[in-house]
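Visitor: Below are the structure tokens for one structure; questions will follow.
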Amino acid sequence: MPALPKDFAEALKENGLHEFFLDCTGPHQREYLKWISEAKRPEARQKRIQQAMKMISTKRREESARLRK
């Protein structure tokens, strides 16, 4: 896995998603990292990080629900 950018890693930790993200597949991780790194403006990057937190959180909830069945 590529190194996590500091701002993204901090957001993951603040949202309690760091361990879940690290357990995701490499391609899944790279997809998020590429999308965030392609932002041209700092404001766009921050917005993408916040959107990623929502998407990763949703994925964690879905997987938790699936595992409880």
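Just remember, in the structure tokens the first chain shown is A, the second B, etc., residues are 1-based per chain, and ligands are 1-based in the order shown.
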Can you check which residues of chain A DSSP gives as alpha helix (DSSP H) on the backbone and send them as a ChimeraX atom specification?

Guide: /A:6-14,18-23,26-37,42-68

Visitor: Would you write out those residues with C-alpha atoms, as a compact mmCIF listing (two decimals), in the first residue's frame?

Guide:
```
# COMPACT_ATOMS: atom_id res chain seq x y z
CA LYS A 6 -0.84 13.07 6.51
CA ASP A 7 -4.15 14.94 6.08
CA PHE A 8 -5.96 11.81 4.91
CA ALA A 9 -4.48 9.65 7.68
CA GLU A 10 -5.51 12.22 10.30
CA ALA A 11 -9.06 12.34 8.93
CA LEU A 12 -9.25 8.53 9.04
CA LYS A 13 -8.09 8.49 12.66
CA GLU A 14 -10.43 11.31 13.69
CA HIS A 18 -8.07 4.14 10.06
CA GLU A 19 -8.02 0.41 10.87
CA PHE A 20 -10.96 -0.30 8.58
CA PHE A 21 -9.26 1.51 5.70
CA LEU A 22 -6.03 -0.43 6.25
CA ASP A 23 -8.03 -3.67 6.06
CA GLY A 26 -4.97 -2.49 -2.08
CA PRO A 27 -6.89 -1.49 -5.21
CA HIS A 28 -9.64 0.01 -3.07
CA GLN A 29 -7.10 2.03 -1.07
CA ARG A 30 -5.29 3.20 -4.20
CA GLU A 31 -8.55 4.35 -5.75
CA TYR A 32 -9.23 6.70 -2.83
CA LEU A 33 -5.63 7.91 -2.67
CA LYS A 34 -5.52 8.63 -6.41
CA TRP A 35 -8.83 10.50 -6.32
CA ILE A 36 -7.71 12.66 -3.39
CA SER A 37 -4.25 13.34 -4.82
CA PRO A 42 -6.49 22.55 -1.35
CA GLU A 43 -10.21 23.24 -0.91
CA ALA A 44 -11.07 20.51 -3.40
CA ARG A 45 -8.70 18.11 -1.65
CA GLN A 46 -10.34 18.75 1.72
CA LYS A 47 -13.78 18.29 0.21
CA ARG A 48 -12.70 14.97 -1.32
CA ILE A 49 -11.27 13.81 1.99
CA GLN A 50 -14.58 14.59 3.71
CA GLN A 51 -16.50 12.79 0.97
CA ALA A 52 -14.15 9.83 1.32
CA MET A 53 -14.85 9.70 5.07
CA LYS A 54 -18.57 9.45 4.34
CA MET A 55 -18.08 6.75 1.70
CA ILE A 56 -15.70 4.69 3.84
CA SER A 57 -18.01 5.00 6.84
CA THR A 58 -20.93 3.78 4.74
CA LYS A 59 -18.88 0.85 3.48
CA ARG A 60 -17.95 -0.08 7.06
CA ARG A 61 -21.61 0.01 8.14
CA GLU A 62 -22.63 -2.13 5.16
CA GLU A 63 -19.93 -4.70 5.86
CA SER A 64 -20.80 -4.80 9.56
CA ALA A 65 -24.46 -5.38 8.71
CA ARG A 66 -23.54 -8.10 6.23
CA LEU A 67 -21.36 -9.87 8.79
CA ARG A 68 -24.15 -9.82 11.41
```
